[in-house]
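> Enclosed is the structure file query16.csv (CSV, C-alpha atoms).
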```
chain,number,residue,atom,x,y,z
A,1,MET,CA,-9.7,12.8,-70.1
A,2,PRO,CA,-7.9,12.8,-66.7
A,3,MET,CA,-5.6,9.8,-66.2
A,4,THR,CA,-7.6,8.5,-63.2
A,5,ARG,CA,-10.8,8.3,-65.1
A,6,ARG,CA,-9.0,6.8,-68.1
A,7,LEU,CA,-7.5,4.1,-66.0
A,8,LEU,CA,-10.9,3.3,-64.5
A,9,LEU,CA,-12.4,3.0,-67.9
A,10,LEU,CA,-9.6,0.9,-69.5
A,11,SER,CA,-9.3,-1.5,-66.5
A,12,GLY,CA,-13.1,-2.0,-66.4
A,13,LEU,CA,-13.3,-2.6,-70.1
A,14,GLY,CA,-10.3,-4.9,-70.0
A,15,SER,CA,-11.8,-7.0,-67.2
A,16,LEU,CA,-15.1,-7.3,-69.0
A,17,LEU,CA,-13.3,-8.3,-72.2
A,18,ASN,CA,-11.4,-10.9,-70.3
A,19,VAL,CA,-14.6,-12.5,-68.9
A,20,GLY,CA,-16.4,-12.2,-72.2
A,21,ALA,CA,-13.6,-13.9,-74.1
A,22,ILE,CA,-13.4,-16.8,-71.6
A,23,LEU,CA,-17.2,-17.3,-71.6
A,24,ALA,CA,-17.2,-17.3,-75.4
A,25,VAL,CA,-14.5,-20.0,-75.5
A,26,ASP,CA,-16.4,-22.0,-72.9
A,27,ARG,CA,-19.6,-21.9,-75.0
A,28,TRP,CA,-17.6,-22.9,-78.1
A,29,ARG,CA,-16.1,-25.9,-76.2
A,30,GLN,CA,-19.4,-27.0,-75.0
A,31,ALA,CA,-21.0,-26.7,-78.5
A,32,SER,CA,-18.2,-28.6,-80.1
A,33,SER,CA,-18.3,-31.4,-77.5
A,34,VAL,CA,-22.0,-31.9,-78.2
A,35,ALA,CA,-21.7,-31.8,-82.0
A,36,GLY,CA,-18.8,-34.3,-82.1
A,37,ARG,CA,-20.6,-37.0,-80.0
A,38,ASP,CA,-21.5,-40.4,-81.6
A,39,PRO,CA,-24.9,-41.9,-80.9
A,40,VAL,CA,-24.6,-44.7,-78.3
A,41,GLU,CA,-26.6,-47.6,-77.2
A,42,ALA,CA,-27.9,-48.0,-73.6
A,43,MET,CA,-25.2,-49.6,-71.4
A,44,ALA,CA,-25.4,-51.6,-68.2
A,45,GLU,CA,-22.3,-50.0,-66.8
A,46,ALA,CA,-20.4,-46.9,-67.7
A,47,GLU,CA,-17.6,-44.6,-66.6
A,48,VAL,CA,-17.5,-40.9,-66.3
A,49,ILE,CA,-14.1,-39.2,-66.1
A,50,ILE,CA,-13.9,-35.8,-64.5
A,51,ARG,CA,-11.0,-33.9,-66.2
A,52,GLY,CA,-10.4,-30.3,-67.0
A,53,PHE,CA,-13.6,-29.3,-65.1
A,54,GLN,CA,-15.7,-31.4,-67.4
A,55,TYR,CA,-17.7,-34.7,-67.2
A,56,LEU,CA,-16.5,-36.9,-70.0
A,57,PRO,CA,-18.7,-38.0,-71.6
A,58,PRO,CA,-21.2,-35.3,-70.6
A,59,GLU,CA,-24.1,-37.5,-71.5
A,60,ILE,CA,-24.7,-41.3,-71.2
A,61,ILE,CA,-27.6,-43.6,-72.0
A,62,LEU,CA,-27.8,-46.3,-69.3
A,63,LYS,CA,-30.1,-49.3,-68.7
A,64,ARG,CA,-32.3,-49.1,-65.6
A,65,GLY,CA,-30.4,-50.6,-62.6
A,66,GLY,CA,-27.1,-49.9,-64.3
A,67,LYS,CA,-24.1,-48.3,-62.6
A,68,VAL,CA,-21.9,-45.4,-63.5
A,69,THR,CA,-18.4,-45.0,-62.0
A,70,PHE,CA,-17.3,-41.4,-61.6
A,71,THR,CA,-13.5,-40.8,-61.4
A,72,ASN,CA,-12.0,-37.4,-60.7
A,73,LEU,CA,-8.7,-36.8,-62.4
A,74,ASP,CA,-8.6,-33.1,-61.7
A,75,SER,CA,-6.4,-31.7,-58.9
A,76,THR,CA,-9.4,-30.0,-57.5
A,77,PRO,CA,-12.2,-31.9,-55.8
A,78,HIS,CA,-15.5,-32.3,-57.6
A,79,THR,CA,-18.9,-33.9,-57.0
A,80,ALA,CA,-21.6,-35.4,-59.2
A,81,THR,CA,-24.7,-34.2,-57.3
A,82,PRO,CA,-28.3,-34.7,-58.6
A,83,ILE,CA,-29.9,-31.5,-59.8
A,84,GLU,CA,-33.4,-31.0,-58.3
A,85,GLY,CA,-35.7,-33.7,-59.6
A,86,ALA,CA,-33.1,-36.2,-60.4
A,87,GLN,CA,-33.3,-39.5,-58.5
A,88,PHE,CA,-30.0,-41.0,-57.5
A,89,GLN,CA,-27.5,-40.9,-54.7
A,90,GLY,CA,-24.7,-38.3,-55.4
A,91,THR,CA,-21.1,-39.1,-55.2
A,92,GLY,CA,-20.2,-36.7,-52.4
A,93,ARG,CA,-16.8,-35.0,-52.7
A,94,LEU,CA,-14.3,-36.8,-54.9
A,95,ARG,CA,-10.7,-35.9,-54.4
A,96,ARG,CA,-8.0,-36.4,-57.1
A,97,ASN,CA,-8.0,-40.0,-58.4
A,98,GLU,CA,-11.0,-41.0,-56.2
A,99,SER,CA,-13.8,-43.0,-57.8
A,100,LYS,CA,-17.4,-43.8,-56.8
A,101,ALA,CA,-19.9,-46.1,-58.4
A,102,VAL,CA,-23.5,-44.9,-58.4
A,103,ALA,CA,-26.6,-47.0,-59.2
A,104,PHE,CA,-29.4,-45.6,-61.3
A,105,GLU,CA,-32.8,-47.3,-60.4
A,106,VAL,CA,-35.3,-44.7,-61.8
A,107,ALA,CA,-35.9,-44.4,-65.6
A,108,GLY,CA,-35.8,-40.9,-67.1
A,109,ILE,CA,-33.4,-38.0,-67.4
A,110,GLN,CA,-31.0,-37.7,-64.5
A,111,ASP,CA,-29.1,-34.4,-64.6
A,112,TYR,CA,-26.3,-33.7,-62.2
A,113,PHE,CA,-23.7,-31.0,-61.5
A,114,CYS,CA,-20.7,-30.2,-59.4
A,115,GLU,CA,-21.6,-28.6,-56.1
A,116,ILE,CA,-18.2,-26.9,-55.9
A,117,HIS,CA,-18.1,-25.7,-59.5
A,118,PRO,CA,-21.8,-25.3,-60.4
A,119,SER,CA,-21.1,-24.6,-64.1
A,120,MET,CA,-20.1,-28.3,-64.5
A,121,VAL,CA,-23.2,-30.3,-65.6
A,122,GLY,CA,-23.8,-33.8,-66.9
A,123,ARG,CA,-26.7,-36.0,-67.8
A,124,ILE,CA,-27.5,-39.7,-67.5
A,125,VAL,CA,-30.5,-40.9,-69.5
A,126,ILE,CA,-32.0,-44.1,-67.9
A,127,VAL,CA,-34.0,-46.3,-70.2
A,128,ASP,CA,-35.9,-49.6,-69.5
B,1,MET,CA,29.4,14.3,-56.8
B,2,GLN,CA,26.4,12.1,-57.8
B,3,THR,CA,26.0,8.7,-56.0
B,4,PRO,CA,25.3,5.8,-58.4
B,5,LEU,CA,21.7,4.7,-58.3
B,6,PRO,CA,21.2,1.4,-56.5
B,7,PHE,CA,20.3,-1.6,-58.7
B,8,TRP,CA,17.5,-2.6,-56.3
B,9,ASN,CA,15.5,0.5,-56.7
B,10,ILE,CA,11.8,0.8,-55.6
B,11,CYS,CA,10.4,-0.7,-58.8
B,12,ARG,CA,12.7,-3.7,-58.8
B,13,ARG,CA,12.0,-4.5,-55.2
B,14,VAL,CA,8.3,-4.4,-55.8
B,15,TYR,CA,8.7,-6.7,-58.9
B,16,LEU,CA,10.7,-9.2,-56.9
B,17,VAL,CA,8.2,-9.2,-54.0
B,18,TRP,CA,5.3,-9.8,-56.4
B,19,ALA,CA,7.2,-12.5,-58.3
B,20,ILE,CA,7.6,-14.4,-55.0
B,21,LEU,CA,4.0,-13.8,-53.9
B,22,LEU,CA,2.5,-14.9,-57.3
B,23,GLY,CA,4.7,-18.0,-57.5
B,24,MET,CA,3.7,-19.1,-53.9
B,25,GLY,CA,0.0,-18.2,-54.3
B,26,PHE,CA,-0.6,-19.9,-57.6
B,27,ALA,CA,1.4,-23.0,-56.6
B,28,ALA,CA,-0.7,-23.3,-53.4
B,29,THR,CA,-3.9,-22.9,-55.5
B,30,GLN,CA,-2.8,-25.6,-58.0
B,31,PHE,CA,-2.6,-28.1,-55.3
B,32,HIS,CA,-5.3,-26.8,-53.0
B,33,GLN,CA,-8.3,-25.8,-55.1
B,34,GLU,CA,-10.7,-25.2,-52.2
B,35,ALA,CA,-12.8,-22.2,-51.4
B,36,ASN,CA,-10.6,-21.3,-48.4
B,37,ILE,CA,-7.6,-20.5,-50.7
B,38,ASN,CA,-9.3,-17.1,-51.2
B,39,TRP,CA,-8.1,-16.2,-47.7
B,40,LEU,CA,-4.5,-16.8,-48.8
B,41,TRP,CA,-5.2,-14.5,-51.9
B,42,LEU,CA,-6.6,-11.8,-49.7
B,43,VAL,CA,-3.5,-11.9,-47.5
B,44,ILE,CA,-1.2,-12.0,-50.7
B,45,SER,CA,-3.0,-9.0,-52.2
B,46,LEU,CA,-2.8,-7.0,-49.0
B,47,VAL,CA,0.9,-7.9,-48.5
B,48,GLY,CA,1.7,-7.0,-52.2
B,49,LEU,CA,-0.3,-3.8,-52.3
B,50,GLY,CA,0.8,-2.9,-48.8
B,51,TYR,CA,4.5,-3.3,-49.8
B,52,MET,CA,3.9,-1.0,-52.8
B,53,VAL,CA,2.3,1.6,-50.6
B,54,ARG,CA,5.1,1.4,-48.1
B,55,GLN,CA,7.7,1.7,-50.7
B,56,THR,CA,6.0,4.7,-52.4
B,57,SER,CA,5.8,6.5,-49.1
B,58,LEU,CA,9.6,6.3,-48.5
B,59,PRO,CA,11.6,9.6,-48.7
B,60,GLU,CA,13.7,7.9,-51.5
B,61,PHE,CA,10.5,7.7,-53.5
B,62,ARG,CA,9.5,11.4,-53.0
B,63,THR,CA,12.9,12.8,-53.7
B,64,ALA,CA,13.4,10.7,-56.9
B,65,GLY,CA,10.6,12.5,-58.7
B,66,LEU,CA,8.6,9.3,-59.0
B,67,ALA,CA,5.2,10.7,-58.2
B,68,HIS,CA,3.8,9.4,-61.4
B,69,LEU,CA,4.1,6.0,-59.9
B,70,TYR,CA,0.9,6.9,-58.0
B,71,PHE,CA,-0.9,5.8,-61.1
B,72,VAL,CA,1.0,2.4,-61.1
B,73,GLY,CA,-0.5,1.8,-57.6
B,74,LEU,CA,-3.9,2.8,-58.9
B,75,VAL,CA,-3.6,0.5,-61.9
B,76,TRP,CA,-2.8,-2.5,-59.8
B,77,THR,CA,-5.4,-1.7,-57.1
B,78,LEU,CA,-8.1,-1.5,-59.8
B,79,VAL,CA,-7.0,-4.6,-61.7
B,80,ILE,CA,-6.6,-6.7,-58.6
B,81,ALA,CA,-9.9,-5.5,-57.0
B,82,GLN,CA,-11.9,-6.1,-60.2
B,83,GLY,CA,-10.2,-9.5,-60.6
B,84,MET,CA,-11.1,-10.6,-57.1
B,85,ILE,CA,-14.7,-9.5,-57.5
B,86,LEU,CA,-15.0,-11.4,-60.8
B,87,SER,CA,-13.3,-14.5,-59.2
B,88,VAL,CA,-15.9,-14.6,-56.4
B,89,LEU,CA,-19.0,-14.0,-58.5
B,90,PRO,CA,-19.0,-17.4,-60.3
B,91,PHE,CA,-19.6,-19.1,-57.0
B,92,VAL,CA,-22.6,-16.9,-56.0
B,93,GLY,CA,-25.7,-18.7,-57.1
B,94,ARG,CA,-26.1,-20.3,-60.5
B,95,THR,CA,-25.7,-17.5,-63.0
B,96,PRO,CA,-24.1,-17.5,-66.6
B,97,LEU,CA,-21.0,-16.3,-64.9
B,98,ALA,CA,-20.7,-19.7,-63.1
B,99,ALA,CA,-18.8,-21.0,-66.2
B,100,LEU,CA,-15.9,-18.7,-65.4
B,101,GLY,CA,-15.2,-20.7,-62.2
B,102,GLN,CA,-13.4,-23.4,-64.2
B,103,TYR,CA,-11.1,-21.0,-65.9
B,104,LEU,CA,-9.8,-18.8,-63.0
B,105,GLY,CA,-6.1,-19.5,-63.7
B,106,VAL,CA,-6.6,-18.4,-67.3
B,107,PHE,CA,-8.7,-15.5,-66.1
B,108,TRP,CA,-5.8,-14.3,-63.9
B,109,LEU,CA,-3.2,-14.7,-66.6
B,110,PHE,CA,-5.3,-12.4,-68.8
B,111,GLN,CA,-5.9,-10.1,-65.8
B,112,MET,CA,-2.2,-9.9,-65.0
B,113,GLY,CA,-1.5,-9.2,-68.7
B,114,LEU,CA,-4.0,-6.4,-68.6
B,115,GLY,CA,-2.3,-5.0,-65.5
B,116,HIS,CA,1.1,-5.1,-67.2
B,117,TRP,CA,-0.3,-3.4,-70.3
B,118,LEU,CA,-1.9,-0.6,-68.2
B,119,ASN,CA,1.2,-0.3,-66.1
B,120,GLY,CA,3.1,0.4,-69.4
B,121,LEU,CA,0.7,3.2,-70.2
B,122,VAL,CA,1.6,5.1,-67.0
B,123,ASP,CA,5.2,4.1,-66.4
B,124,PRO,CA,7.3,4.4,-69.6
B,125,PRO,CA,9.2,2.9,-71.3
B,126,ARG,CA,6.2,0.8,-72.4
B,127,LEU,CA,7.7,-1.9,-74.4
B,128,PRO,CA,9.0,-4.1,-71.5
B,129,TYR,CA,5.5,-4.1,-69.9
B,130,TRP,CA,3.8,-4.8,-73.2
B,131,ILE,CA,6.1,-7.8,-73.8
B,132,THR,CA,5.6,-9.2,-70.3
B,133,GLY,CA,1.8,-8.6,-70.6
B,134,GLY,CA,1.8,-10.3,-74.0
B,135,ILE,CA,3.6,-13.4,-72.6
B,136,GLN,CA,1.0,-13.8,-70.0
B,137,ILE,CA,-1.9,-13.4,-72.4
B,138,LEU,CA,-0.3,-16.0,-74.8
B,139,ALA,CA,0.2,-18.4,-71.8
B,140,GLY,CA,-3.5,-17.9,-71.0
B,141,VAL,CA,-4.6,-18.7,-74.5
B,142,ALA,CA,-2.3,-21.8,-74.5
B,143,CYS,CA,-3.8,-23.0,-71.2
B,144,LEU,CA,-7.3,-22.4,-72.5
B,145,LEU,CA,-6.7,-24.5,-75.6
B,146,TRP,CA,-4.5,-27.3,-74.2
B,147,GLY,CA,-3.7,-27.3,-70.5
B,148,LEU,CA,-6.6,-26.3,-68.3
B,149,GLU,CA,-5.5,-28.8,-65.6
B,150,TRP,CA,-2.3,-26.9,-65.0
B,151,GLN,CA,-3.7,-23.4,-65.4
B,152,PHE,CA,-2.8,-22.3,-61.9
B,153,ALA,CA,0.8,-23.7,-62.0
B,154,VAL,CA,1.2,-21.9,-65.4
B,155,ALA,CA,-0.2,-18.7,-64.0
B,156,GLY,CA,2.3,-18.9,-61.1
B,157,GLY,CA,5.3,-19.7,-63.2
B,158,ILE,CA,4.5,-17.2,-66.0
B,159,GLY,CA,3.2,-14.5,-63.7
B,160,ALA,CA,6.4,-14.7,-61.6
B,161,LEU,CA,8.6,-14.9,-64.7
B,162,ALA,CA,6.9,-11.7,-66.2
B,163,MET,CA,7.7,-9.8,-62.9
B,164,LEU,CA,11.3,-11.1,-62.9
B,165,LEU,CA,11.8,-10.1,-66.5
B,166,LEU,CA,10.9,-6.5,-65.6
B,167,ILE,CA,13.9,-6.4,-63.2
B,168,PRO,CA,16.6,-6.2,-65.9
B,169,TRP,CA,14.3,-4.8,-68.6
B,170,HIS,CA,12.7,-1.8,-66.9
```
The structure in this file should be written as structure tokens.

Amino acid sequence: MPMTRRLLLLSGLGSLLNVGAILAVDRWRQASSVAGRDPVEAMAEAEVIIRGFQYLPPEIILKRGGKVTFTNLDSTPHTATPIEGAQFQGTGRLRRNESKAVAFEVAGIQDYFCEIHPSMVGRIVIVD
Amino acid sequence: MQTPLPFWNICRRVYLVWAILLGMGFAATQFHQEANINWLWLVISLVGLGYMVRQTSLPEFRTAGLAHLYFVGLVWTLVIAQGMILSVLPFVGRTPLAALGQYLGVFWLFQMGLGHWLNGLVDPPRLPYWITGGIQILAGVACLLWGLEWQFAVAGGIGALAMLLLIPWH
């Protein structure tokens, strides 16, 4: 096989392997964070830390009218923005070490994501 | 009488320029993780690849029988172009590739490791490139498991170190 074609093939395969390995580790991390979670009672107030491009904890059960404080500890800015259908005011852009408290007035599942890094998702379950 | 070969030959000059560019680029990315950092990377890629092209068009290059280094240029053009495309795609829409967006420092450590490995294939001796490629891949694995917050700083430090190691080794 000519060297040019060989290099095209090897670089393409290598790049795909690179992406595939990282996505596989990401799925494993997400699966293990869900499996290791303890069941929790509904809280009146809670805190979500954003660190390493993850919302920690990724899911919270909150009483209606409760507040969640989002704090970004990453060097990159993040948001907690409601996904379509969720009913709460998003945080807007949080820079490093910035916090914002958000009130949740509507019962139900409130999913959110980071507008800047859309793969980051979290969930607040609001109960009466 | 043969004149002694200069220490700072074409390859070593290119390694040094890339070490500086990588260190600067990833340090800036660590502390400014915004979309407009991509413009800096476009400039860095053009400067780095442009410097390589400039060096390989010098008479010194042609007379030294280094034509096989054409493939080195091709390797890095392919690896960088594919890497840049894959770095942008996570931010286009909400696709399964979006998850890659949070691992771009690790992705580039692996991509640079791939580049060093392919570079070794076309520019023997291979061992130095395979060692420097391996160092970057190990650093990427370490970041993936333990230090995602510092992935761009690690990519800058280890990427630059890998290039600098090639100066005495290759």
> By how many Å are atom CA of B:Gly120 and atom CA of B:Tyr51 apart?
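Interatomic distance here is 20.0 Å.
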> Kindly provide, as number ranges by chain, the residues of chain B having any atom no farther than 8 Å from an atom of chain A, counting only C-alpha atoms.
B: 30-34, 71, 75, 78-79, 82-83, 91, 94, 97-103, 107, 110-111, 114-115, 118, 148-149
> Would you output that residue set with C-alpha atoms, as an mmCIF file, keeping the file's coordinate frame?

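What ended up in result.cif:
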```cif
data_model
loop_
_atom_site.group_PDB
_atom_site.id
_atom_site.type_symbol
_atom_site.label_atom_id
_atom_site.label_comp_id
_atom_site.auth_asym_id
_atom_site.auth_seq_id
_atom_site.Cartn_x
_atom_site.Cartn_y
_atom_site.Cartn_z
ATOM 1 C CA GLN B 30 -2.800 -25.600 -58.000
ATOM 2 C CA PHE B 31 -2.600 -28.100 -55.300
ATOM 3 C CA HIS B 32 -5.300 -26.800 -53.000
ATOM 4 C CA GLN B 33 -8.300 -25.800 -55.100
ATOM 5 C CA GLU B 34 -10.700 -25.200 -52.200
ATOM 6 C CA PHE B 71 -0.900 5.800 -61.100
ATOM 7 C CA VAL B 75 -3.600 0.500 -61.900
ATOM 8 C CA LEU B 78 -8.100 -1.500 -59.800
ATOM 9 C CA VAL B 79 -7.000 -4.600 -61.700
ATOM 10 C CA GLN B 82 -11.900 -6.100 -60.200
ATOM 11 C CA GLY B 83 -10.200 -9.500 -60.600
ATOM 12 C CA PHE B 91 -19.600 -19.100 -57.000
ATOM 13 C CA ARG B 94 -26.100 -20.300 -60.500
ATOM 14 C CA LEU B 97 -21.000 -16.300 -64.900
ATOM 15 C CA ALA B 98 -20.700 -19.700 -63.100
ATOM 16 C CA ALA B 99 -18.800 -21.000 -66.200
ATOM 17 C CA LEU B 100 -15.900 -18.700 -65.400
ATOM 18 C CA GLY B 101 -15.200 -20.700 -62.200
ATOM 19 C CA GLN B 102 -13.400 -23.400 -64.200
ATOM 20 C CA TYR B 103 -11.100 -21.000 -65.900
ATOM 21 C CA PHE B 107 -8.700 -15.500 -66.100
ATOM 22 C CA PHE B 110 -5.300 -12.400 -68.800
ATOM 23 C CA GLN B 111 -5.900 -10.100 -65.800
ATOM 24 C CA LEU B 114 -4.000 -6.400 -68.600
ATOM 25 C CA GLY B 115 -2.300 -5.000 -65.500
ATOM 26 C CA LEU B 118 -1.900 -0.600 -68.200
ATOM 27 C CA LEU B 148 -6.600 -26.300 -68.300
ATOM 28 C CA GLU B 149 -5.500 -28.800 -65.600
#
```
> With all atoms listed in the file as the basis for distance, which of B:Leu49, B:Ala35, B:Ile135, B:Leu40 is at the shortest distance from B:Val88?
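Smallest separation from B:Val88 among the options: B:Ala35.
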> Do you know which residues are at most 10 Å from A:Val68 counting all atoms listed in the file, after dropping those on the same chain fewer than 6 positions away, and could you put them as a PyMOL selection string?
chain A and resi 43-48+60+62+100-104+124
> Every residue with an atom at most 9 Å from (-17.0, -41.6, -54.8) (file coordinates; all atoms listed in the file) is what I'm after, so could you write them as number ranges by chain?
A: 69-72, 79-80, 90-95, 98-102
> Report, in Å with one decimal, the straight-line distance from atom CA of B:Val72 to atom CA of B:Asp123.
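Answer for the atom CA of B:Val72 to atom CA of B:Asp123 separation: 7.0 Å.
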> What separation in Å, quoted to one decimal, exists between atom CA of B:Ile20 and atom CA of B:Gly105?
17.0 Å
> Using all atoms listed in the file for the distances, tell me which of B:Thr77, B:Pro124, B:Trp41, B:Met112 is nearest to B:Leu138.
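Checking each of B:Thr77, B:Pro124, B:Trp41, B:Met112 against B:Leu138, counting all atoms listed in the file, the winner is B:Met112.
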> If we count only C-alpha atoms, what is near B:Pro168 at a cut-off of 10 Å, once residues fewer than 4 positions away on the same chain are taken out, given as a list of chain:residue names?
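Non-adjacent residues within range: B:Phe7, B:Arg12, B:Pro128, B:Leu164.
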> Would you mind telling me which residue in A:Ile50, A:Ile83, A:Val125, A:Leu13 lies nearest to A:Val106 when using all atoms listed in the file?
A:Val125
> Which is closer to B:Trp39 than all the others in B:Met84, B:Leu165, B:Leu58, B:Leu69, using only C-alpha atoms?
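Answer, going by the shortest atom-to-atom distance: B:Met84.
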